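K.L.:
Following this line is model_13.txt, made up of compact mmCIF, C-alpha atoms:
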```txt
# COMPACT_ATOMS: atom_id res chain seq x y z
CA MET A 1 193.34 -129.00 31.36
CA SER A 2 193.77 -127.12 28.13
CA ASN A 3 197.28 -127.22 26.72
CA ARG A 4 198.20 -123.87 25.39
CA PRO A 5 201.74 -123.08 24.27
CA SER A 6 201.38 -119.59 25.70
CA PHE A 7 198.86 -117.73 27.78
CA VAL A 8 196.07 -116.59 25.51
CA ALA A 9 193.69 -114.07 26.99
CA LYS A 10 190.18 -114.56 25.71
CA ARG A 11 188.77 -111.61 27.50
CA VAL A 12 189.77 -107.99 27.03
CA PRO A 13 193.50 -107.66 27.77
CA ILE A 14 193.89 -106.53 31.32
CA LEU A 15 195.57 -103.19 30.61
CA ASP A 16 192.77 -102.19 28.26
CA ARG A 17 190.01 -102.67 30.74
CA SER A 18 188.36 -99.67 32.28
CA ILE A 19 189.63 -98.94 35.75
CA ASN A 20 186.44 -97.27 36.74
CA LYS A 21 184.03 -99.95 35.66
CA ASN A 22 183.67 -101.66 39.02
CA ARG A 23 184.81 -98.79 41.11
CA GLY A 24 181.91 -98.53 43.50
CA ASN A 25 181.33 -102.24 43.88
CA GLU A 26 180.56 -103.47 47.30
CA ILE A 27 180.63 -106.71 49.12
CA ASN A 28 179.28 -107.98 52.42
CA VAL A 29 181.58 -106.96 55.22
CA ALA A 30 181.13 -110.49 56.60
CA ALA A 31 182.86 -111.88 53.51
CA PHE A 32 185.86 -109.72 54.28
CA ALA A 33 185.73 -110.59 57.97
CA PHE A 34 185.69 -114.32 57.27
CA LEU A 35 188.58 -114.00 54.84
CA PHE A 36 190.61 -111.85 57.20
CA SER A 37 189.96 -114.24 60.06
CA GLU A 38 191.38 -117.14 58.05
CA MET A 39 194.38 -115.05 57.04
CA LEU A 40 194.93 -114.18 60.66
CA GLN A 41 194.85 -117.84 61.70
CA TYR A 42 197.23 -118.69 58.89
CA ALA A 43 199.64 -116.01 60.04
CA GLN A 44 199.31 -117.06 63.66
CA LYS A 45 200.26 -120.64 62.85
CA ARG A 46 203.47 -119.52 61.23
CA ALA A 47 204.42 -116.63 63.45
CA ASN A 48 207.00 -116.75 66.22
CA GLY A 49 205.61 -114.31 68.68
CA ILE A 50 203.54 -111.16 68.55
CA GLN A 51 205.97 -109.00 66.64
CA ASP A 52 206.37 -111.61 63.94
CA LEU A 53 202.59 -111.88 63.70
CA GLU A 54 202.27 -108.14 63.29
CA LYS A 55 204.95 -108.23 60.62
CA ARG A 56 203.08 -110.95 58.72
CA LEU A 57 199.82 -109.04 58.90
CA SER A 58 201.60 -105.91 57.83
CA ASP A 59 203.05 -107.86 54.88
CA PHE A 60 199.54 -108.87 53.84
CA GLY A 61 198.57 -105.23 53.97
CA TYR A 62 201.67 -104.13 52.12
CA ARG A 63 200.71 -106.05 49.00
CA VAL A 64 197.29 -104.48 49.11
CA GLY A 65 198.77 -101.03 49.58
CA ILE A 66 200.95 -101.20 46.49
CA ARG A 67 197.92 -101.88 44.37
CA VAL A 68 195.70 -99.40 46.15
CA LEU A 69 198.23 -96.68 45.45
CA GLU A 70 198.45 -97.52 41.75
CA LEU A 71 194.70 -97.65 41.41
CA GLN A 72 193.96 -94.46 43.31
CA VAL A 73 196.65 -92.47 41.57
CA ALA A 74 195.57 -93.73 38.15
CA ARG A 75 191.99 -92.81 38.91
CA ASP A 76 192.32 -89.52 40.72
CA LYS A 77 195.71 -88.00 40.15
CA PRO A 78 197.06 -89.09 36.82
CA ASN A 79 199.07 -85.97 36.13
CA ARG A 80 200.41 -84.95 39.47
CA ARG A 81 202.90 -86.67 41.66
CA GLU A 82 202.71 -85.84 45.31
CA ASN A 83 206.01 -84.47 46.54
CA ARG A 84 205.18 -82.96 49.88
CA VAL A 85 204.85 -84.89 53.11
CA LEU A 86 201.62 -83.21 54.06
CA GLY A 87 200.28 -83.82 50.59
CA ILE A 88 200.80 -87.55 50.70
CA LEU A 89 199.48 -87.77 54.24
CA TYR A 90 196.37 -85.92 53.26
CA PHE A 91 195.98 -88.20 50.28
CA ILE A 92 196.04 -91.19 52.62
CA HIS A 93 193.80 -89.63 55.24
CA SER A 94 191.14 -88.62 52.72
CA ASN A 95 191.40 -90.31 49.37
CA VAL A 96 192.74 -93.72 50.33
CA TRP A 97 190.74 -94.05 53.50
CA LYS A 98 187.55 -92.97 51.76
CA SER A 99 187.95 -95.41 48.93
CA LEU A 100 188.83 -98.36 51.15
CA PHE A 101 186.68 -97.72 54.18
CA GLY A 102 183.94 -95.45 52.94
CA LYS A 103 184.92 -92.47 55.06
CA GLN A 104 187.90 -90.26 55.73
CA ALA A 105 190.18 -91.07 58.62
CA ASP A 106 189.26 -89.28 61.80
CA SER A 107 192.39 -87.34 62.46
CA LEU A 108 195.79 -86.49 61.14
CA GLU A 109 198.28 -85.15 63.62
CA LYS A 110 201.89 -84.22 63.72
CA GLY A 111 203.99 -85.82 66.42
CA THR A 112 204.98 -83.36 69.10
CA GLU A 113 208.34 -84.81 69.95
CA ASN A 114 209.84 -85.59 66.58
CA ASP A 115 209.74 -83.78 63.27
CA ASP A 116 209.45 -86.96 61.29
CA GLU A 117 206.46 -88.47 63.07
CA TYR A 118 202.80 -88.20 62.19
CA MET A 119 199.69 -90.00 63.34
CA ILE A 120 196.53 -90.97 61.54
CA SER A 121 193.67 -92.22 63.65
CA ASP A 122 190.43 -93.97 63.01
CA ASN A 123 187.80 -94.10 65.73
CA GLU A 124 186.16 -97.25 64.52
CA PRO A 125 188.07 -99.08 61.79
CA GLN A 126 185.52 -100.92 59.71
CA ILE A 127 187.42 -104.15 59.65
CA SER A 128 188.05 -104.30 63.39
CA LYS A 129 184.36 -104.13 64.06
CA PHE A 130 183.65 -107.61 62.85
CA ILE A 131 186.58 -109.56 64.10
CA SER A 132 185.79 -111.56 67.15
CA ILE A 133 187.12 -111.32 70.67
CA PRO A 134 189.41 -110.70 72.31
CA LYS A 135 188.59 -107.23 71.08
CA GLU A 136 191.88 -105.63 72.02
CA LEU A 137 193.85 -108.18 70.10
CA SER A 138 191.49 -107.97 67.16
CA VAL A 139 191.92 -104.23 66.93
CA LEU A 140 195.68 -104.58 66.83
CA ASN A 141 195.57 -107.28 64.20
CA ALA A 142 193.34 -105.32 61.89
CA ALA A 143 195.45 -102.25 62.54
CA ALA A 144 198.69 -104.05 61.65
CA PHE A 145 197.11 -104.92 58.32
CA ILE A 146 196.09 -101.31 57.69
CA ALA A 147 199.55 -100.16 58.75
CA GLY A 148 200.96 -102.36 56.00
CA ILE A 149 198.67 -100.76 53.44
CA VAL A 150 199.76 -97.26 54.49
CA GLU A 151 203.42 -98.19 54.53
CA ALA A 152 203.16 -99.46 50.96
CA VAL A 153 201.38 -96.29 49.82
CA LEU A 154 204.14 -94.19 51.35
CA ASP A 155 207.00 -96.32 50.04
CA GLY A 156 205.43 -96.33 46.60
CA SER A 157 205.12 -92.56 46.64
CA GLN A 158 208.82 -92.18 47.42
CA PHE A 159 208.25 -91.34 51.07
CA PRO A 160 209.77 -94.36 52.78
CA ALA A 161 208.47 -94.75 56.29
CA ARG A 162 207.81 -97.19 59.07
CA VAL A 163 204.20 -97.47 60.06
CA SER A 164 203.13 -99.09 63.28
CA ALA A 165 199.69 -99.63 64.70
CA HIS A 166 198.55 -98.73 68.18
CA SER A 167 195.36 -99.25 70.04
CA THR A 168 194.23 -95.92 71.45
CA GLY A 169 190.75 -96.84 72.56
CA THR A 170 188.76 -94.41 74.66
CA ASP A 171 185.50 -94.90 76.50
CA GLN A 172 183.68 -93.29 73.67
CA PHE A 173 185.59 -95.12 70.96
CA PRO A 174 186.94 -98.40 72.33
CA LEU A 175 188.16 -99.57 68.93
CA ARG A 176 190.09 -96.40 68.17
CA THR A 177 193.29 -97.15 66.35
CA THR A 178 196.24 -94.90 65.62
CA LEU A 179 198.88 -95.44 62.99
CA LEU A 180 202.23 -93.97 63.88
CA ILE A 181 204.14 -92.97 60.76
CA LYS A 182 207.84 -92.43 61.13
CA PHE A 183 209.43 -91.12 57.96
CA ASP A 184 212.93 -92.10 56.90
CA LYS A 185 215.29 -89.17 56.57
CA SER A 186 215.73 -89.90 52.88
CA GLY A 187 212.18 -89.00 52.03
CA MET A 188 211.73 -85.91 54.14
CA MET B 1 159.01 -125.42 39.32
CA ALA B 2 162.53 -124.10 39.12
CA SER B 3 161.42 -120.64 38.08
CA GLY B 4 159.07 -120.37 41.06
CA THR B 5 161.82 -121.27 43.47
CA GLY B 6 164.27 -119.11 41.60
CA THR B 7 162.12 -115.99 41.72
CA ARG B 8 161.41 -116.37 45.40
CA ALA B 9 165.05 -116.93 46.13
CA ARG B 10 166.09 -114.01 43.97
CA THR B 11 163.70 -111.63 45.74
CA ALA B 12 164.85 -112.83 49.12
CA GLY B 13 168.49 -112.49 48.16
CA ASP B 14 168.07 -109.02 46.68
CA ASP B 15 166.15 -107.88 49.70
CA ILE B 16 168.74 -109.11 52.17
CA TRP B 17 171.54 -107.58 50.12
CA LYS B 18 169.79 -104.22 50.00
CA THR B 19 168.59 -103.94 53.55
CA ARG B 20 170.33 -106.26 55.94
CA VAL B 21 173.90 -106.45 54.85
CA GLU B 22 176.60 -104.06 55.91
CA LYS B 23 178.84 -103.40 52.96
CA ILE B 24 182.49 -102.71 52.40
CA ASN B 25 184.54 -101.76 49.34
CA ALA B 26 184.82 -104.82 47.10
CA GLU B 27 188.27 -103.84 45.89
CA LEU B 28 189.68 -104.05 49.38
CA PHE B 29 188.33 -107.58 49.50
CA THR B 30 189.73 -108.41 46.09
CA MET B 31 193.19 -107.14 46.90
CA THR B 32 193.22 -108.78 50.30
CA TYR B 33 192.39 -112.10 48.71
CA GLY B 34 195.13 -111.54 46.16
CA SER B 35 197.53 -110.82 48.96
CA LEU B 36 196.61 -114.13 50.56
CA VAL B 37 197.08 -116.10 47.35
CA ALA B 38 200.43 -114.40 46.73
CA GLN B 39 201.59 -115.27 50.22
CA LEU B 40 200.51 -118.89 49.84
CA VAL B 41 202.33 -119.16 46.53
CA LYS B 42 205.42 -117.79 48.20
CA ASP B 43 205.14 -120.12 51.19
CA TYR B 44 204.30 -123.33 49.38
CA GLU B 45 205.91 -122.85 45.97
CA ASP B 46 203.73 -125.67 44.64
CA TYR B 47 200.48 -124.68 43.01
CA SER B 48 198.62 -127.85 43.82
CA GLU B 49 199.50 -127.34 47.48
CA VAL B 50 198.22 -123.78 47.25
CA ASN B 51 194.98 -125.06 45.75
CA LYS B 52 194.63 -127.45 48.67
CA GLN B 53 195.29 -124.73 51.22
CA LEU B 54 192.78 -122.41 49.63
CA GLU B 55 190.17 -125.13 49.66
CA LYS B 56 190.90 -125.91 53.28
CA MET B 57 190.65 -122.28 54.32
CA GLY B 58 187.44 -122.04 52.38
CA TYR B 59 186.09 -125.06 54.24
CA ASN B 60 186.84 -123.38 57.58
CA ILE B 61 185.04 -120.28 56.40
CA GLY B 62 182.10 -122.28 55.04
CA VAL B 63 181.31 -124.04 58.30
CA ARG B 64 180.98 -120.66 60.01
CA LEU B 65 179.43 -118.80 57.13
CA ILE B 66 176.45 -121.15 57.02
CA GLU B 67 175.42 -119.99 60.49
CA ASP B 68 175.51 -116.38 59.45
CA PHE B 69 173.50 -117.36 56.37
CA LEU B 70 170.86 -119.27 58.32
CA ALA B 71 170.58 -116.53 60.92
CA LYS B 72 170.01 -113.84 58.33
CA THR B 73 167.76 -115.64 55.93
CA ASN B 74 165.24 -117.82 57.76
CA VAL B 75 165.36 -120.10 54.77
CA GLY B 76 163.68 -123.42 55.49
CA LYS B 77 165.01 -126.78 54.45
CA CYS B 78 165.38 -127.02 50.70
CA ALA B 79 162.95 -129.46 49.11
CA ASP B 80 165.55 -130.86 46.74
CA PHE B 81 169.01 -130.31 45.37
CA LYS B 82 167.68 -128.05 42.65
CA GLU B 83 166.30 -125.72 45.28
CA THR B 84 169.64 -125.89 47.06
CA ALA B 85 171.36 -124.72 43.90
CA GLU B 86 168.98 -121.79 43.45
CA THR B 87 169.38 -120.82 47.08
CA ILE B 88 173.16 -120.93 46.90
CA SER B 89 173.19 -118.73 43.84
CA LYS B 90 170.43 -116.25 44.51
CA VAL B 91 170.63 -115.93 48.26
CA GLY B 92 174.04 -117.16 49.36
CA PHE B 93 176.24 -115.62 46.69
CA LYS B 94 174.05 -112.55 46.51
CA MET B 95 174.19 -111.73 50.18
CA PHE B 96 177.89 -112.34 50.65
CA LEU B 97 179.39 -111.34 47.35
CA GLY B 98 176.71 -109.12 45.88
CA PHE B 99 175.96 -111.07 42.74
CA SER B 100 174.24 -114.30 41.62
CA PRO B 101 176.04 -116.70 39.33
CA ALA B 102 173.82 -118.52 36.84
CA VAL B 103 172.87 -122.09 37.68
CA ALA B 104 173.34 -124.30 34.64
CA ASN B 105 174.49 -127.59 33.13
CA TRP B 106 172.48 -129.92 35.32
CA SER B 107 173.41 -133.55 35.05
CA ALA B 108 170.68 -136.00 34.04
CA ASP B 109 170.40 -137.43 37.54
CA GLY B 110 170.05 -133.97 39.06
CA LYS B 111 173.06 -134.43 41.31
CA GLU B 112 175.48 -132.09 39.61
CA PHE B 113 175.22 -128.50 38.49
CA SER B 114 177.44 -125.64 37.58
CA LEU B 115 177.64 -122.06 38.72
CA LEU B 116 178.69 -119.73 35.92
CA LEU B 117 180.53 -116.78 37.37
CA GLU B 118 180.16 -113.90 34.93
CA GLU B 119 181.91 -111.70 37.39
CA ASN B 120 184.20 -112.81 40.17
CA PRO B 121 185.10 -110.27 42.83
CA LEU B 122 187.95 -112.49 43.96
CA ALA B 123 189.68 -112.19 40.62
CA GLU B 124 189.15 -108.58 39.61
CA PHE B 125 192.40 -107.06 38.21
CA VAL B 126 194.07 -110.46 38.33
CA GLU B 127 196.27 -111.86 35.63
CA LEU B 128 198.15 -115.07 36.16
CA PRO B 129 201.68 -115.76 34.95
CA GLU B 130 201.95 -118.69 32.55
CA ASP B 131 203.07 -121.34 34.97
CA ALA B 132 200.36 -120.40 37.43
CA ALA B 133 197.69 -120.29 34.75
CA ALA B 134 198.29 -123.96 34.06
CA GLU B 135 197.93 -125.20 37.61
CA LEU B 136 196.61 -122.65 40.05
CA SER B 137 192.93 -122.62 40.80
CA TYR B 138 192.91 -119.01 41.88
CA SER B 139 189.42 -118.86 43.35
CA ASN B 140 189.61 -122.27 44.95
CA ILE B 141 188.58 -120.84 48.28
CA LEU B 142 185.02 -120.76 46.94
CA CYS B 143 185.06 -124.53 46.47
CA GLY B 144 185.95 -124.97 50.12
CA VAL B 145 183.32 -122.50 51.27
CA LEU B 146 180.60 -124.41 49.45
CA ARG B 147 181.84 -127.76 50.70
CA GLY B 148 182.00 -126.57 54.31
CA ALA B 149 178.69 -124.77 54.29
CA LEU B 150 176.80 -127.63 52.65
CA GLU B 151 178.34 -130.20 54.95
CA MET B 152 176.82 -128.35 57.87
CA VAL B 153 173.41 -128.75 56.30
CA LEU B 154 174.08 -132.43 55.77
CA MET B 155 175.13 -132.58 52.16
CA GLN B 156 178.48 -133.92 51.16
CA VAL B 157 179.58 -132.30 47.93
CA GLU B 158 182.61 -132.05 45.72
CA CYS B 159 183.34 -128.70 44.13
CA SER B 160 185.89 -127.68 41.60
CA PHE B 161 186.47 -125.16 38.86
CA VAL B 162 186.13 -126.76 35.44
CA SER B 163 187.10 -123.57 33.68
CA ASP B 164 188.36 -120.14 34.62
CA VAL B 165 188.86 -116.97 32.58
CA LEU B 166 192.10 -116.46 34.48
CA ARG B 167 193.39 -119.57 32.78
CA GLY B 168 192.40 -118.39 29.34
CA ASP B 169 189.01 -120.10 29.19
CA ASP B 170 185.85 -118.40 27.98
CA THR B 171 183.96 -118.79 31.19
CA THR B 172 184.47 -119.34 34.87
CA GLU B 173 182.51 -122.44 35.77
CA LEU B 174 182.31 -123.95 39.23
CA ARG B 175 180.98 -127.50 39.27
CA VAL B 176 179.12 -128.78 42.34
CA LYS B 177 178.49 -132.49 42.72
CA LEU B 178 176.32 -134.04 45.39
CA VAL B 179 178.05 -137.12 46.76
CA LYS B 180 175.51 -138.05 49.39
CA PHE B 181 173.23 -136.78 52.07
CA LEU B 182 174.69 -137.06 55.55
CA GLU B 183 173.15 -138.42 58.69
CA GLU B 184 172.70 -136.05 61.57
CA GLU B 185 175.59 -136.88 63.89
CA VAL B 186 178.31 -135.31 65.96
CA PRO B 187 180.98 -134.24 63.52
CA MET B 188 184.29 -136.06 63.57
CA GLY B 189 187.58 -134.28 64.08
CA ASP B 190 188.33 -131.34 61.83
CA ASP B 191 190.56 -130.87 58.81
```
Is it possible to express this structure as structure tokens?

P.N.:
Amino acid sequence: MSNRPSFVAKRVPILDRSINKNRGNEINVAAFAFLFSEMLQYAQKRANGIQDLEKRLSDFGYRVGIRVLELQVARDKPNRRENRVLGILYFIHSNVWKSLFGKQADSLEKGTENDDEYMISDNEPQISKFISIPKELSVLNAAAFIAGIVEAVLDGSQFPARVSAHSTGTDQFPLRTTLLIKFDKSGM
Amino acid sequence: MASGTGTRARTAGDDIWKTRVEKINAELFTMTYGSLVAQLVKDYEDYSEVNKQLEKMGYNIGVRLIEDFLAKTNVGKCADFKETAETISKVGFKMFLGFSPAVANWSADGKEFSLLLEENPLAEFVELPEDAAAELSYSNILCGVLRGALEMVLMQVECSFVSDVLRGDDTTELRVKLVKFLEEEVPMGDD
């Protein structure tokens, strides 16, 4: 291996690279599905029970979410910081969802019982589609990952919240997933 | 000879990528992979262990990925290792990752070649801290994928990155070495 006294970047320094250069790049969904499947197995081996597994998957998503937020804000909203709950939720429902999954989320609702609860639903989350049976479990696992992404986007935008994933499949949309977002009082 | 195979493979690969592959945002993939590597670094704290884990996970992916590949491509048995290399680059990489690395640096005996990754969707936006840059083979999962996939089509290979832009090198070069052809037999226990 080369012995360098310090890290010398031979390519363009990372902060100088264009953030829009590879913006629309795509990859085979199977590549993602294979990767996610291995990550799931890795998490399963180390998890103690279902809740721990969901936490680990959510942690995977969290790291993604931090970076998604930075990237999306740098690209689309460089001069404005979102400071309203509805604003950030709309940002997630439209902007974030569209850039990650190719479409907006299917619904954004306010919880009826509590002021600090909202729900975002997706009728057919792209990544659940390709994870193998049992389908119910696969939906939850993919959803826990997405919940982590959303939680990181909210935390990073100064709207701390807990995000949990729920399977709300219907006959028409068996893979339907809902993220329940419960905001901390501090952010509201 | 190589150009004939290469062109056919390239057309096949491009065609599959355009028409028969469902696509997803590459950045989601990139960041998810980064999340995995970060978690492994946290769990193992030893970069050579992380490299091993990545390779192992790649192997598990490879043995399943080859079936998806064969199902989608109807590619017949490769006539020789050179054709294998072209197929890996122009069909395999193209259909799963959307690009074809250049095949280069063949050894005299035709048993080793390199894939030059001009772009690497796994490593987009990535910068390694100094201690990691010395030891971590960030994209090592690819080595495992190749090893697993090729084993299923009866080739035992060794794969490793001989250079990586993440480590400060000029290029990212993945070296593939054919160890031997395997006999058709029931596989032994797994990794």

K.L.:
Dump as a PyMOL selection string the residues of chain B that approach chain A to within 7 Å, counting only C-alpha atoms.

P.N.:
chain B and resi 21-26+28-29+31-32+35-36+57+61+95-98+130+168-170

K.L.:
Next, dump the selected residues to file, keeping only C-alpha atoms, as a short mmCIF file (atom, residue, chain, number, x, y, z; two decimals), keeping the file's coordinate frame.

P.N.:
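Result written to out.cif:
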```
data_model
loop_
_atom_site.label_atom_id
_atom_site.label_comp_id
_atom_site.auth_asym_id
_atom_site.auth_seq_id
_atom_site.Cartn_x
_atom_site.Cartn_y
_atom_site.Cartn_z
CA VAL B 21 173.90 -106.45 54.85
CA GLU B 22 176.60 -104.06 55.91
CA LYS B 23 178.84 -103.40 52.96
CA ILE B 24 182.49 -102.71 52.40
CA ASN B 25 184.54 -101.76 49.34
CA ALA B 26 184.82 -104.82 47.10
CA LEU B 28 189.68 -104.05 49.38
CA PHE B 29 188.33 -107.58 49.50
CA MET B 31 193.19 -107.14 46.90
CA THR B 32 193.22 -108.78 50.30
CA SER B 35 197.53 -110.82 48.96
CA LEU B 36 196.61 -114.13 50.56
CA MET B 57 190.65 -122.28 54.32
CA ILE B 61 185.04 -120.28 56.40
CA MET B 95 174.19 -111.73 50.18
CA PHE B 96 177.89 -112.34 50.65
CA LEU B 97 179.39 -111.34 47.35
CA GLY B 98 176.71 -109.12 45.88
CA GLU B 130 201.95 -118.69 32.55
CA GLY B 168 192.40 -118.39 29.34
CA ASP B 169 189.01 -120.10 29.19
CA ASP B 170 185.85 -118.40 27.98
#
```

K.L.:
As an exercise, work out the distance from CA of Phe181 (chain B) to CA of Gly148 (chain B) in Å and give it to one decimal place.

P.N.:
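Rounded to one decimal, the two atoms are 13.6 Å apart.
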
K.L.:
Name all residues at most 7 Å from region 106-117 of chain B (count only C-alpha atoms; drop same-chain ones fewer than 3 positions away) and give them as a PyMOL selection string.

P.N.:
chain B and resi 101-103+120+172-178

K.L.:
In Å, with one decimal, what is the gap from CA of Gln72 (chain A) to CA of Ala143 (chain A)?

P.N.:
20.8 Å

K.L.:
What is the CA of Glu109 (chain A) to CA of Gln51 (chain A) distance in Å?

P.N.:
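Distance reported for this atom pair: 25.2 Å.
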
K.L.:
When distances are computed from all atoms listed in the file, which of B:Glu86, B:Ser137, B:Ser160, B:Gly92 shows the smallest separation from Asp68 (chain B)?

P.N.:
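Once distances to Asp68 (chain B) are computed over all atoms listed in the file, the minimum belongs to B:Gly92.
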
K.L.:
Please enclose the listed atoms of region 76-89 of chain B in an axis-aligned box, pad each side by 6 Å, and write out the centre and the three edge lengths in Å, rounded to one decimal, as JSON.

P.N.:
```
{"center_x": 168.1, "center_y": -124.8, "center_z": 49.1, "size_x": 22.2, "size_y": 24.1, "size_z": 24.8}
```

K.L.:
Ranking A:Glu117, A:Leu69, A:Ala74, A:Asn48 by minimum distance to Ser18 (chain A) and counting all atoms listed in the file, which one comes first?

P.N.:
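Counting all atoms listed in the file, the residue closest to Ser18 (chain A) is A:Ala74.
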
K.L.:
Would you mind telling me which residue in A:Ser121, A:Ser58, A:Gln158, A:Asn20 lies nearest to Ala144 (chain A) when using only C-alpha atoms?

P.N.:
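Closest residue, counting only C-alpha atoms: A:Ser58.
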
K.L.:
Taking all atoms listed in the file into account, name the residue in B:Glu118, B:Glu184, B:Glu127, B:Glu55 that is nearest to Ile141 (chain B).

P.N.:
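When distances to Ile141 (chain B) are compared using all atoms listed in the file, the smallest one comes from B:Glu55.
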
K.L.:
At a cut-off of 10 Å, using only C-alpha atoms, what residues contact Val163 (chain A)? Leave out same-chain residues fewer than 2 positions from it and give the result as number ranges by chain.

P.N.:
A: 58, 117-119, 144, 146-152, 154, 160-161, 165-166, 179-183

K.L.:
Neighbours of Ile50 (chain A) within 12 Å (all atoms listed in the file; same-chain residues fewer than 4 positions away dropped), as a PyMOL selection string?

P.N.:
chain A and resi 43-46+54-57+137+140-141+144

K.L.:
Smallest atom-to-atom distance to Asp115 (chain A): which of A:Ser164, A:Asp76, A:Tyr90, A:Val85, using only C-alpha atoms?

P.N.:
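For Asp115 (chain A), the nearest of the candidates is A:Val85.
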